[in-house]
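Enquirer: Below is the file start-v2.cif, which contains mmCIF, C-alpha atoms (C1' of nucleotides).
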data_run
loop_
_atom_site.group_PDB
_atom_site.id
_atom_site.type_symbol
_atom_site.label_atom_id
_atom_site.label_comp_id
_atom_site.auth_asym_id
_atom_site.auth_seq_id
_atom_site.Cartn_x
_atom_site.Cartn_y
_atom_site.Cartn_z
ATOM 1 C CA MET A 10 35.407 30.252 -10.807
ATOM 2 C CA LYS A 11 34.405 26.764 -11.873
ATOM 3 C CA ILE A 12 31.675 24.597 -10.410
ATOM 4 C CA GLY A 13 33.937 22.671 -8.028
ATOM 5 C CA GLU A 14 35.131 25.815 -6.296
ATOM 6 C CA ILE A 15 31.620 27.232 -6.039
ATOM 7 C CA ALA A 16 30.494 23.906 -4.612
ATOM 8 C CA LYS A 17 33.159 24.075 -1.918
ATOM 9 C CA LEU A 18 32.555 27.746 -1.122
ATOM 10 C CA SER A 19 28.769 27.517 -1.111
ATOM 11 C CA GLY A 20 28.288 24.166 0.527
ATOM 12 C CA PHE A 21 26.024 22.961 -2.262
ATOM 13 C CA SER A 22 27.146 19.911 -4.217
ATOM 14 C CA LYS A 23 28.083 20.222 -7.880
ATOM 15 C CA ASP A 24 25.060 18.098 -8.731
ATOM 16 C CA THR A 25 22.825 20.410 -6.743
ATOM 17 C CA LEU A 26 24.247 23.468 -8.482
ATOM 18 C CA ARG A 27 23.603 21.912 -11.894
ATOM 19 C CA TYR A 28 20.126 20.935 -10.681
ATOM 20 C CA TYR A 29 19.429 24.510 -9.562
ATOM 21 C CA GLU A 30 20.514 25.752 -12.948
ATOM 22 C CA LYS A 31 18.313 23.187 -14.667
ATOM 23 C CA ILE A 32 15.201 24.334 -12.789
ATOM 24 C CA GLY A 33 16.122 27.958 -13.414
ATOM 25 C CA LEU A 34 16.851 28.836 -9.812
ATOM 26 C CA ILE A 35 20.294 30.215 -10.520
ATOM 27 C CA SER A 36 21.077 32.348 -13.506
ATOM 28 C CA THR A 37 22.041 30.736 -16.788
ATOM 29 C CA ASN A 38 21.014 33.984 -18.466
ATOM 30 C CA LYS A 39 24.510 34.806 -19.687
ATOM 31 C CA LYS A 40 25.229 31.207 -20.667
ATOM 32 C CA LEU A 41 28.758 31.722 -19.469
ATOM 33 C CA ARG A 42 30.993 28.846 -20.420
ATOM 34 C CA THR A 43 34.676 28.377 -21.105
ATOM 35 C CA GLU A 44 35.866 27.181 -24.510
ATOM 36 C CA ASN A 45 35.667 23.595 -23.290
ATOM 37 C CA ASN A 46 32.079 24.079 -22.111
ATOM 38 C CA TYR A 47 32.838 24.450 -18.395
ATOM 39 C CA ARG A 48 30.449 26.588 -16.356
ATOM 40 C CA VAL A 49 31.949 29.884 -15.166
ATOM 41 C CA TYR A 50 30.750 31.745 -12.088
ATOM 42 C CA ASP A 51 31.621 35.017 -10.408
ATOM 43 C CA ASP A 52 31.236 36.245 -6.821
ATOM 44 C CA HIS A 53 27.639 37.219 -7.433
ATOM 45 C CA ILE A 54 26.568 33.598 -7.428
ATOM 46 C CA LEU A 55 27.862 33.047 -3.894
ATOM 47 C CA LYS A 56 25.682 35.889 -2.651
ATOM 48 C CA GLN A 57 22.738 34.359 -4.462
ATOM 49 C CA LEU A 58 23.455 30.892 -3.083
ATOM 50 C CA ASN A 59 23.581 32.296 0.426
ATOM 51 C CA GLN A 60 20.179 33.844 -0.123
ATOM 52 C CA ILE A 61 18.913 30.483 -1.333
ATOM 53 C CA LYS A 62 20.383 28.761 1.704
ATOM 54 C CA THR A 63 18.709 31.227 4.051
ATOM 55 C CA LEU A 64 15.362 30.954 2.327
ATOM 56 C CA LYS A 65 15.570 27.157 2.190
ATOM 57 C CA ALA A 66 16.349 27.036 5.894
ATOM 58 C CA SER A 67 13.283 29.186 6.435
ATOM 59 C CA GLY A 68 11.034 26.613 4.878
ATOM 60 C CA PHE A 69 10.601 28.087 1.411
ATOM 61 C CA THR A 70 10.338 25.626 -1.454
ATOM 62 C CA LEU A 71 12.651 26.020 -4.428
ATOM 63 C CA ASN A 72 9.733 27.354 -6.462
ATOM 64 C CA GLU A 73 8.984 30.007 -3.855
ATOM 65 C CA ILE A 74 12.655 30.927 -3.749
ATOM 66 C CA LYS A 75 12.613 31.232 -7.520
ATOM 67 C CA ASP A 76 9.742 33.715 -7.219
ATOM 68 C CA LEU A 77 11.558 35.688 -4.542
ATOM 69 C CA MET A 78 14.722 35.793 -6.629
ATOM 70 C CA ALA A 79 12.661 37.064 -9.530
ATOM 71 C CA LEU A 80 11.688 40.053 -7.387
ATOM 72 C CA ASN A 81 15.353 40.892 -7.173
ATOM 73 C CA GLU A 82 15.629 41.078 -10.950
ATOM 74 C CA VAL A 83 12.820 43.576 -11.362
ATOM 75 C CA ASP A 84 13.899 47.190 -11.692
ATOM 76 C CA LEU A 85 12.637 50.595 -10.601
ATOM 77 C CA VAL A 86 10.082 50.929 -13.379
ATOM 78 C CA THR A 87 7.937 48.076 -12.160
ATOM 79 C CA CYS A 88 8.359 48.818 -8.477
ATOM 80 C CA LEU A 89 4.617 48.760 -7.982
ATOM 81 C CA HIS A 90 4.563 45.216 -9.241
ATOM 82 C CA VAL A 91 7.363 44.365 -6.872
ATOM 83 C CA THR A 92 5.562 45.624 -3.818
ATOM 84 C CA THR A 93 2.500 43.643 -4.853
ATOM 85 C CA LEU A 94 4.581 40.459 -4.987
ATOM 86 C CA VAL A 95 6.210 41.343 -1.687
ATOM 87 C CA ASP A 96 2.782 41.872 -0.161
ATOM 88 C CA GLU A 97 1.673 38.451 -1.371
ATOM 89 C CA LYS A 98 4.800 36.934 0.087
ATOM 90 C CA LEU A 99 4.162 38.764 3.355
ATOM 91 C CA VAL A 100 0.682 37.284 3.608
ATOM 92 C CA LYS A 101 2.112 33.804 3.087
ATOM 93 C CA LEU A 102 4.864 34.487 5.621
ATOM 94 C CA THR A 103 2.383 35.695 8.226
ATOM 95 C CA GLN A 104 0.236 32.610 7.727
ATOM 96 C CA GLN A 105 3.238 30.336 7.931
ATOM 97 C CA ILE A 106 4.482 31.988 11.116
ATOM 98 C CA SER A 107 1.128 31.726 12.857
ATOM 99 C CA ARG A 108 0.767 28.116 11.762
ATOM 100 C CA LEU A 109 4.196 27.233 13.127
ATOM 101 C CA THR A 110 3.502 29.140 16.327
ATOM 102 C CA GLN A 111 0.282 27.183 16.803
ATOM 103 C CA ILE A 112 2.124 23.920 16.263
ATOM 104 C CA LYS A 113 4.784 24.979 18.740
ATOM 105 C CA GLU A 114 2.189 25.767 21.376
ATOM 106 C CA ASN A 115 0.554 22.400 20.765
ATOM 107 C CA LEU A 116 3.830 20.606 21.286
ATOM 108 C CA ILE A 117 4.605 22.527 24.470
ATOM 109 C CA LYS A 118 1.155 21.659 25.748
ATOM 110 C CA LEU A 119 1.745 18.033 24.846
ATOM 111 C CA LYS A 120 5.060 18.058 26.687
ATOM 112 C CA THR A 121 3.745 19.569 29.893
ATOM 113 C CA THR A 122 0.686 17.348 30.117
ATOM 114 C CA CYS A 123 2.642 14.248 29.245
ATOM 115 C CA THR A 124 2.685 11.905 32.206
ATOM 116 C CA GLY A 125 2.206 8.309 31.132
ATOM 117 C CA LYS A 126 0.516 7.491 27.867
ATOM 118 C CA CYS A 127 1.850 10.581 26.166
ATOM 119 C CA LEU A 128 0.014 10.351 22.926
ATOM 120 C CA GLU A 129 -3.297 10.137 24.745
ATOM 121 C CA THR A 130 -2.956 13.853 25.415
ATOM 122 C CA LEU A 131 -2.984 14.478 21.698
ATOM 123 C CA GLN A 132 -6.720 13.964 21.798
ATOM 124 C CA GLU A 133 -7.190 17.223 23.662
ATOM 125 C CA ILE A 134 -4.915 19.409 21.640
ATOM 126 C CA MET B 5 -16.681 -0.294 10.106
ATOM 127 C CA LYS B 6 -15.380 -0.559 6.579
ATOM 128 C CA ILE B 7 -12.741 1.586 4.936
ATOM 129 C CA GLY B 8 -15.184 4.013 3.308
ATOM 130 C CA GLU B 9 -16.748 4.984 6.616
ATOM 131 C CA ILE B 10 -13.377 5.346 8.319
ATOM 132 C CA ALA B 11 -12.261 7.487 5.403
ATOM 133 C CA LYS B 12 -15.235 9.805 5.863
ATOM 134 C CA LEU B 13 -14.938 9.958 9.652
ATOM 135 C CA SER B 14 -11.167 10.407 9.709
ATOM 136 C CA GLY B 15 -10.723 12.701 6.743
ATOM 137 C CA PHE B 16 -8.059 10.470 5.239
ATOM 138 C CA SER B 17 -8.758 8.998 1.804
ATOM 139 C CA LYS B 18 -9.240 5.266 1.365
ATOM 140 C CA ASP B 19 -6.024 5.191 -0.633
ATOM 141 C CA THR B 20 -4.198 6.950 2.172
ATOM 142 C CA LEU B 21 -5.556 4.494 4.764
ATOM 143 C CA ARG B 22 -4.390 1.552 2.671
ATOM 144 C CA TYR B 23 -1.049 3.307 2.201
ATOM 145 C CA TYR B 24 -0.701 3.814 5.973
ATOM 146 C CA GLU B 25 -1.430 0.141 6.486
ATOM 147 C CA LYS B 26 1.131 -0.797 3.845
ATOM 148 C CA ILE B 27 3.907 1.168 5.566
ATOM 149 C CA GLY B 28 2.858 -0.226 8.931
ATOM 150 C CA LEU B 29 1.644 3.045 10.382
ATOM 151 C CA ILE B 30 -1.763 1.702 11.352
ATOM 152 C CA SER B 31 -2.278 -1.706 12.836
ATOM 153 C CA THR B 32 -2.782 -4.687 10.587
ATOM 154 C CA ASN B 33 -1.784 -6.855 13.533
ATOM 155 C CA LYS B 34 -5.117 -8.629 13.817
ATOM 156 C CA LYS B 35 -5.485 -8.955 10.049
ATOM 157 C CA LEU B 36 -9.158 -8.306 10.512
ATOM 158 C CA ARG B 37 -11.088 -8.915 7.338
ATOM 159 C CA THR B 38 -14.614 -9.887 6.478
ATOM 160 C CA GLU B 39 -15.274 -13.115 4.585
ATOM 161 C CA ASN B 40 -15.057 -11.229 1.333
ATOM 162 C CA ASN B 41 -11.674 -9.767 2.268
ATOM 163 C CA TYR B 42 -12.894 -6.295 3.233
ATOM 164 C CA ARG B 43 -10.921 -4.459 5.905
ATOM 165 C CA VAL B 44 -12.729 -4.088 9.240
ATOM 166 C CA TYR B 45 -11.988 -1.305 11.730
ATOM 167 C CA ASP B 46 -13.240 -0.390 15.176
ATOM 168 C CA ASP B 47 -13.379 2.922 17.049
ATOM 169 C CA HIS B 48 -9.784 2.575 18.201
ATOM 170 C CA ILE B 49 -8.524 3.389 14.730
ATOM 171 C CA LEU B 50 -10.236 6.797 14.718
ATOM 172 C CA LYS B 51 -8.359 7.759 17.877
ATOM 173 C CA GLN B 52 -5.140 6.597 16.291
ATOM 174 C CA LEU B 53 -5.855 8.478 13.071
ATOM 175 C CA ASN B 54 -6.523 11.655 15.044
ATOM 176 C CA GLN B 55 -3.161 11.258 16.744
ATOM 177 C CA ILE B 56 -1.553 10.808 13.344
ATOM 178 C CA LYS B 57 -3.307 13.913 12.048
ATOM 179 C CA THR B 58 -2.102 16.001 14.984
ATOM 180 C CA LEU B 59 1.454 14.729 14.711
ATOM 181 C CA LYS B 60 1.486 15.288 10.961
ATOM 182 C CA ALA B 61 0.240 18.832 11.486
ATOM 183 C CA SER B 62 3.093 19.237 13.946
ATOM 184 C CA GLY B 63 5.606 18.521 11.232
ATOM 185 C CA PHE B 64 6.460 14.931 12.121
ATOM 186 C CA THR B 65 7.188 12.601 9.205
ATOM 187 C CA LEU B 66 5.269 9.340 8.896
ATOM 188 C CA ASN B 67 8.359 7.475 10.034
ATOM 189 C CA GLU B 68 8.656 9.619 13.132
ATOM 190 C CA ILE B 69 4.973 9.106 13.832
ATOM 191 C CA LYS B 70 5.469 5.361 13.435
ATOM 192 C CA ASP B 71 8.243 5.513 16.043
ATOM 193 C CA LEU B 72 6.087 7.566 18.381
ATOM 194 C CA MET B 73 3.195 5.149 18.043
ATOM 195 C CA ALA B 74 5.491 2.223 18.720
ATOM 196 C CA LEU B 75 6.867 3.894 21.846
ATOM 197 C CA ASN B 76 3.347 4.465 23.049
ATOM 198 C CA GLU B 77 2.607 0.775 22.700
ATOM 199 C CA VAL B 78 5.700 -0.404 24.521
ATOM 200 C CA ASP B 79 6.552 2.222 27.076
ATOM 201 C CA LEU B 80 3.792 2.359 29.640
ATOM 202 C CA VAL B 81 5.809 4.045 32.352
ATOM 203 C CA THR B 82 7.874 6.890 30.946
ATOM 204 C CA CYS B 83 7.617 9.231 28.035
ATOM 205 C CA LEU B 84 11.271 10.169 28.047
ATOM 206 C CA HIS B 85 11.720 9.133 24.449
ATOM 207 C CA VAL B 86 8.634 10.962 23.355
ATOM 208 C CA THR B 87 9.630 14.195 25.037
ATOM 209 C CA THR B 88 13.079 13.908 23.488
ATOM 210 C CA LEU B 89 11.546 13.713 20.030
ATOM 211 C CA VAL B 90 9.190 16.569 20.845
ATOM 212 C CA ASP B 91 12.076 18.663 22.166
ATOM 213 C CA GLU B 92 14.005 18.140 18.954
ATOM 214 C CA LYS B 93 10.974 19.194 16.966
ATOM 215 C CA LEU B 94 10.538 22.252 19.192
ATOM 216 C CA VAL B 95 14.102 23.401 18.582
ATOM 217 C CA LYS B 96 13.591 23.176 14.826
ATOM 218 C CA LEU B 97 10.267 24.986 15.071
ATOM 219 C CA THR B 98 11.698 27.798 17.162
ATOM 220 C CA GLN B 99 14.562 28.329 14.725
ATOM 221 C CA GLN B 100 12.213 28.298 11.786
ATOM 222 C CA ILE B 101 9.830 30.795 13.374
ATOM 223 C CA SER B 102 12.578 33.260 14.247
ATOM 224 C CA ARG B 103 14.056 33.050 10.746
ATOM 225 C CA LEU B 104 10.663 33.636 9.182
ATOM 226 C CA THR B 105 10.003 36.547 11.517
ATOM 227 C CA GLN B 106 13.324 38.108 10.558
ATOM 228 C CA ILE B 107 12.579 37.718 6.879
ATOM 229 C CA LYS B 108 9.130 39.175 7.385
ATOM 230 C CA GLU B 109 10.529 42.228 9.146
ATOM 231 C CA ASN B 110 13.075 42.531 6.399
ATOM 232 C CA LEU B 111 10.480 42.416 3.666
ATOM 233 C CA ILE B 112 8.399 45.057 5.459
ATOM 234 C CA LYS B 113 11.463 47.260 5.757
ATOM 235 C CA LEU B 114 12.500 46.915 2.155
ATOM 236 C CA LYS B 115 8.935 47.397 0.963
ATOM 237 C CA THR B 116 9.062 51.002 2.105
ATOM 238 C CA THR B 117 12.484 51.577 0.610
ATOM 239 C CA CYS B 118 12.100 49.407 -2.465
ATOM 240 C CA THR B 119 14.447 50.576 -5.176
ATOM 241 C CA GLY B 120 14.511 47.405 -7.224
ATOM 242 C CA LYS B 121 17.173 45.218 -5.730
ATOM 243 C CA CYS B 122 14.943 44.179 -2.881
ATOM 244 C CA LEU B 123 16.547 40.934 -1.808
ATOM 245 C CA GLU B 124 19.949 42.501 -1.133
ATOM 246 C CA THR B 125 18.758 42.890 2.441
ATOM 247 C CA LEU B 126 18.704 39.123 2.821
ATOM 248 C CA GLN B 127 22.484 39.214 3.005
ATOM 249 C CA GLU B 128 22.322 40.298 6.608
ATOM 250 C CA ILE B 129 19.885 37.684 7.772
ATOM 251 C "C1'" DT C 9 52.382 8.956 -22.344
ATOM 252 C "C1'" DT C 10 49.504 8.171 -18.929
ATOM 253 C "C1'" DA C 11 47.112 8.839 -14.779
ATOM 254 C "C1'" DA C 12 44.748 11.933 -11.733
ATOM 255 C "C1'" DG C 13 41.565 15.184 -11.216
ATOM 256 C "C1'" DG C 14 38.815 18.518 -13.000
ATOM 257 C "C1'" DG C 15 34.610 19.215 -16.198
ATOM 258 C "C1'" DT C 16 30.227 17.724 -19.426
ATOM 259 C "C1'" DT C 17 25.675 15.162 -20.482
ATOM 260 C "C1'" DG C 18 21.438 12.347 -20.077
ATOM 261 C "C1'" DG C 19 19.136 9.364 -17.524
ATOM 262 C "C1'" DA C 20 18.160 6.458 -13.633
ATOM 263 C "C1'" DG C 21 17.438 6.056 -8.694
ATOM 264 C "C1'" DT C 22 16.150 7.726 -3.880
ATOM 265 C "C1'" DA C 23 12.939 9.267 -0.276
ATOM 266 C "C1'" DT C 24 8.506 11.117 1.225
ATOM 267 C "C1'" DA C 25 3.675 11.044 0.909
ATOM 268 C "C1'" DG C 26 0.505 10.055 -1.372
ATOM 269 C "C1'" DT C 27 -2.941 9.646 -5.775
ATOM 270 C "C1'" DC C 28 -4.963 7.351 -9.632
ATOM 271 C "C1'" DC C 29 -6.241 3.516 -12.360
ATOM 272 C "C1'" DA C 30 -7.730 -0.857 -14.334
ATOM 273 C "C1'" DA C 31 -9.376 -5.194 -13.471
ATOM 274 C "C1'" DT C 32 -11.931 -7.674 -10.553
ATOM 275 C "C1'" DG C 33 -15.080 -9.150 -6.549
ATOM 276 C "C1'" DT C 34 -19.315 -8.398 -3.524
ATOM 277 C "C1'" DC C 35 -23.804 -6.954 -2.314
ATOM 278 C "C1'" DA C 36 -28.411 -4.827 -2.106
ATOM 279 C "C1'" DA C 37 -32.227 -2.801 -4.613
ATOM 280 C "C1'" DG C 38 -35.349 -2.365 -8.509
ATOM 281 C "C1'" DC D 19 -30.572 -9.906 -13.799
ATOM 282 C "C1'" DT D 20 -28.534 -5.873 -14.085
ATOM 283 C "C1'" DT D 21 -27.092 -1.533 -12.086
ATOM 284 C "C1'" DG D 22 -24.698 1.116 -8.690
ATOM 285 C "C1'" DA D 23 -22.070 1.510 -4.801
ATOM 286 C "C1'" DC D 24 -19.062 -0.547 -2.217
ATOM 287 C "C1'" DA D 25 -14.558 -3.316 -1.713
ATOM 288 C "C1'" DT D 26 -9.895 -5.655 -3.371
ATOM 289 C "C1'" DT D 27 -5.118 -5.728 -5.708
ATOM 290 C "C1'" DG D 28 -0.823 -4.343 -8.109
ATOM 291 C "C1'" DG D 29 1.323 -1.103 -10.393
ATOM 292 C "C1'" DA D 30 1.961 3.360 -12.504
ATOM 293 C "C1'" DC D 31 2.241 8.149 -11.710
ATOM 294 C "C1'" DT D 32 2.868 12.802 -9.221
ATOM 295 C "C1'" DA D 33 5.773 16.391 -6.929
ATOM 296 C "C1'" DT D 34 9.899 17.916 -4.446
ATOM 297 C "C1'" DA D 35 14.699 17.937 -4.016
ATOM 298 C "C1'" DC D 36 18.148 15.970 -4.866
ATOM 299 C "C1'" DT D 37 22.010 12.076 -5.781
ATOM 300 C "C1'" DC D 38 24.462 8.865 -8.423
ATOM 301 C "C1'" DC D 39 26.235 6.895 -12.588
ATOM 302 C "C1'" DA D 40 28.197 5.885 -17.088
ATOM 303 C "C1'" DA D 41 30.510 7.639 -20.732
ATOM 304 C "C1'" DC D 42 32.853 11.060 -22.238
ATOM 305 C "C1'" DC D 43 36.108 15.557 -22.724
ATOM 306 C "C1'" DC D 44 40.074 18.588 -21.084
ATOM 307 C "C1'" DT D 45 44.302 19.816 -18.536
ATOM 308 C "C1'" DT D 46 48.402 19.198 -15.986
ATOM 309 C "C1'" DA D 47 52.153 17.020 -13.685
ATOM 310 C "C1'" DA D 48 55.344 13.018 -13.257
#
Give the structure from the file, written as structure tokens.
Expert:
Amino acid sequence: MKIGEIAKLSGFSKDTLRYYEKIGLISTNKKLRTENNYRVYDDHILKQLNQIKTLKASGFTLNEIKDLMALNEVDLVTCLHVTTLVDEKLVKLTQQISRLTQIKENLIKLKTTCTGKCLETLQEI
Amino acid sequence: MKIGEIAKLSGFSKDTLRYYEKIGLISTNKKLRTENNYRVYDDHILKQLNQIKTLKASGFTLNEIKDLMALNEVDLVTCLHVTTLVDEKLVKLTQQISRLTQIKENLIKLKTTCTGKCLETLQEI
DNA sequence: TTAAGGGTTGGAGTATAGTCCAATGTCAAG
DNA sequence: CTTGACATTGGACTATACTCCAACCCTTAA
């Protein structure tokens, strides 16, 4: 498949796909091109792009996603290394979740105590 | 008070305070300056800066905060607009938290059964 | 043959939210 | 009178994540 089709199927623009390749987020490892220098993709990339979409929607930066994708490339031999990286990611995830939960509680509190000058309540949060 | 003191008391840098003034986030309305063109602030600004800090920590952009501040100035009676904005932010937060929680559970699961291709599990998220 | 519709590149521009810097002005103390 | 610690400005620069553009190449159908 060429870039236009992948763009349609994935929901990412062609420019975004080229940008992701440029920053090393999606695999250029095989340097697959047609004779006329067109990028060629297979089904695998759609799976990968869906992962990226999910992770992006979850608040990961492209750099973090790159790290996570790298975990996927590592094989059995270095499994110990993988679990270490996963553990690090889990710590970050836990922090992020508790931070977001705190923010959510703050906003709910703000909403319920909001009567007139809403932002005044922000002082007490 | 001059900008340096406000910077210390608020936790925002002098550059950031000047930037906030430039984008109209904090009030330049009175154009208060000393004879030698130094900015002058009173206690009010610290309250405002605390509101900004809270809203920023809640994931609002500076533009959104600007809107919220403006509403607070104008709308003495109802906070309908404010609660609408807060509700929108709450929906996003809730979605983000549940996605992160799912990913966290997933990572925990695949940590125990890690055979290399760890991120495959993300397909089902 | 030519026009439409794909693809390529490098580079510039956008938005957000600052941060840093140089040149310059002001002020109080030693 | 000079030094240090404040302040001012405009403009350049950072990072993230794109988005657009010009100029060009390739293919196919009328």
Enquirer: Starting from the displayed file, determine the output of the PyMOL selection byres ((chain C) within 10 of (chain A)) and express the residue list as JSON, numbers by chain.
Expert: {"C": [14, 15, 16]}
Enquirer: Please produce an output containing C-alpha atoms (C1' of nucleotides) for each residue in the selection, written as a compact mmCIF listing (two decimals), in the coordinates of the input.
Expert:
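Output below, filename result_20.txt:
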# COMPACT_ATOMS: atom_id res chain seq x y z
C1' DG C 14 38.82 18.52 -13.00
C1' DG C 15 34.61 19.22 -16.20
C1' DT C 16 30.23 17.72 -19.43
Enquirer: Give as a PyMOL selection string every residue of chain D that touches chain B within 10 Å, counting all atoms listed in the file.
Expert: chain D and resi 24-26
Enquirer: Could you tell me how far atom CA of Thr65 of chain B sits from atom CA of Lys118 of chain A, in Å to one decimal place?
Expert: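 Taking atom CA of Lys118 of chain A as the start and atom CA of Thr65 of chain B as the end point, the length is 19.8 Å.
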Enquirer: Using all atoms listed in the file, which protein or nucleic acid residues come within 10 Å of Thr20 of chain B? Drop anything in the same chain fewer than 6 positions from it, and give the result as a list in words.
Expert: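 Non-adjacent residues within range: Ala11 and Lys26 of chain B; DA25, DG26 and DT27 of chain C.
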Enquirer: Next, dump the selected residues to file, keeping only C-alpha atoms (C1' of nucleotides), as a compact mmCIF listing (two decimals), in the coordinates of the input.
Expert:
# COMPACT_ATOMS: atom_id res chain seq x y z
CA ALA B 11 -12.26 7.49 5.40
CA LYS B 26 1.13 -0.80 3.84
C1' DA C 25 3.68 11.04 0.91
C1' DG C 26 0.50 10.06 -1.37
C1' DT C 27 -2.94 9.65 -5.78
Enquirer: What's the separation between atom CA of Lys18 of chain B and atom CA of Glu68 of chain B, in Å to one decimal place?
Expert: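 We find that atom CA of Lys18 of chain B and atom CA of Glu68 of chain B lie 21.9 Å from each other.
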Enquirer: Between C:DA30, C:DA23, C:DC35, C:DA11, which has the minimum distance to DT27 of chain D (counting all atoms listed in the file)?
Expert: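 Result for the nearest residue to DT27 of chain D: C:DA30.
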Enquirer: Suppose you want the space between atom CA of Ala61 of chain B and atom CA of Ile112 of chain A; what is it in Å?
Expert: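 So the two atoms, atom CA of Ala61 of chain B and atom CA of Ile112 of chain A, lie 7.2 Å apart.
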Enquirer: Suppose a student applies the PyMOL selection byres ((chain D and resi 34) around 12) to this structure; what residues should they get, written as JSON, numbers by chain?
Expert: {"A": [32, 69, 70, 71, 72], "C": [22, 23, 24, 25], "D": [32, 33, 35, 36]}
Enquirer: Using all atoms listed in the file, which of the listed residues (B:Thr38, B:Ser14, B:Gln100, B:Thr88) sits closest to chain A?
Expert: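 Closest candidate: B:Gln100.
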Enquirer: List the neighbours of Lys57 of chain B out to 10 Å using only C-alpha atoms (C1' of nucleotides); skip same-chain residues closer than 3 positions along the sequence, and give me the result as JSON, numbers by chain.
Expert: {"A": [131], "B": [14, 15, 16, 51, 52, 53, 54, 60, 61, 62, 64, 69]}
Enquirer: Go through the shown structure with the PyMOL selection byres ((chain A and resi 101) around 12) and write out the matching residues as a list of chain:residue names.
Expert: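 Matching residues under the PyMOL selection byres ((chain A and resi 101) around 12) are A:Gly68, A:Phe69, A:Glu73, A:Leu94, A:Val95, A:Asp96, A:Glu97, A:Lys98, A:Leu99, A:Val100, A:Leu102, A:Thr103, A:Gln104, A:Gln105, A:Ile106, A:Ser107, A:Arg108, B:Leu104, B:Thr105, B:Ile107, B:Lys108.
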Enquirer: Just checking: using all atoms listed in the file, which residue out of A:Ser36, A:Gln60, A:Ser22, A:Thr121 ends up closest to chain B?
Expert: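 Once distances to chain B are computed over all atoms listed in the file, the minimum belongs to A:Gln60.
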Enquirer: At a cut-off of 10 Å from (23.1, 6.3, -9.8) in the coordinates of the file, what residues are picked up using only C-alpha atoms (C1' of nucleotides), written as a list of chain:residue names?
Expert: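 Checking each residue against the 10 Å limit leaves C:DG19, C:DA20, C:DG21, C:DT22, D:DT37, D:DC38, D:DC39, D:DA40.
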Enquirer: Would you save the residues of that selection, restricted to C-alpha atoms (C1' of nucleotides), as a compact mmCIF listing (two decimals), keeping the file's coordinate frame?
Expert:
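To be explicit, this is the file written out as again_5.txt:
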# COMPACT_ATOMS: atom_id res chain seq x y z
C1' DG C 19 19.14 9.36 -17.52
C1' DA C 20 18.16 6.46 -13.63
C1' DG C 21 17.44 6.06 -8.69
C1' DT C 22 16.15 7.73 -3.88
C1' DT D 37 22.01 12.08 -5.78
C1' DC D 38 24.46 8.86 -8.42
C1' DC D 39 26.24 6.90 -12.59
C1' DA D 40 28.20 5.88 -17.09
Enquirer: Can you tell me, as JSON, the centre and edge lengths (Å, one decimal) of the axis-aligned box enclosing all of segment 23-30 of chain D's listed atoms after padding each side by 8 Å?
Expert:
{"center_x": -10.1, "center_y": -1.2, "center_z": -7.1, "size_x": 40.0, "size_y": 25.1, "size_z": 26.8}
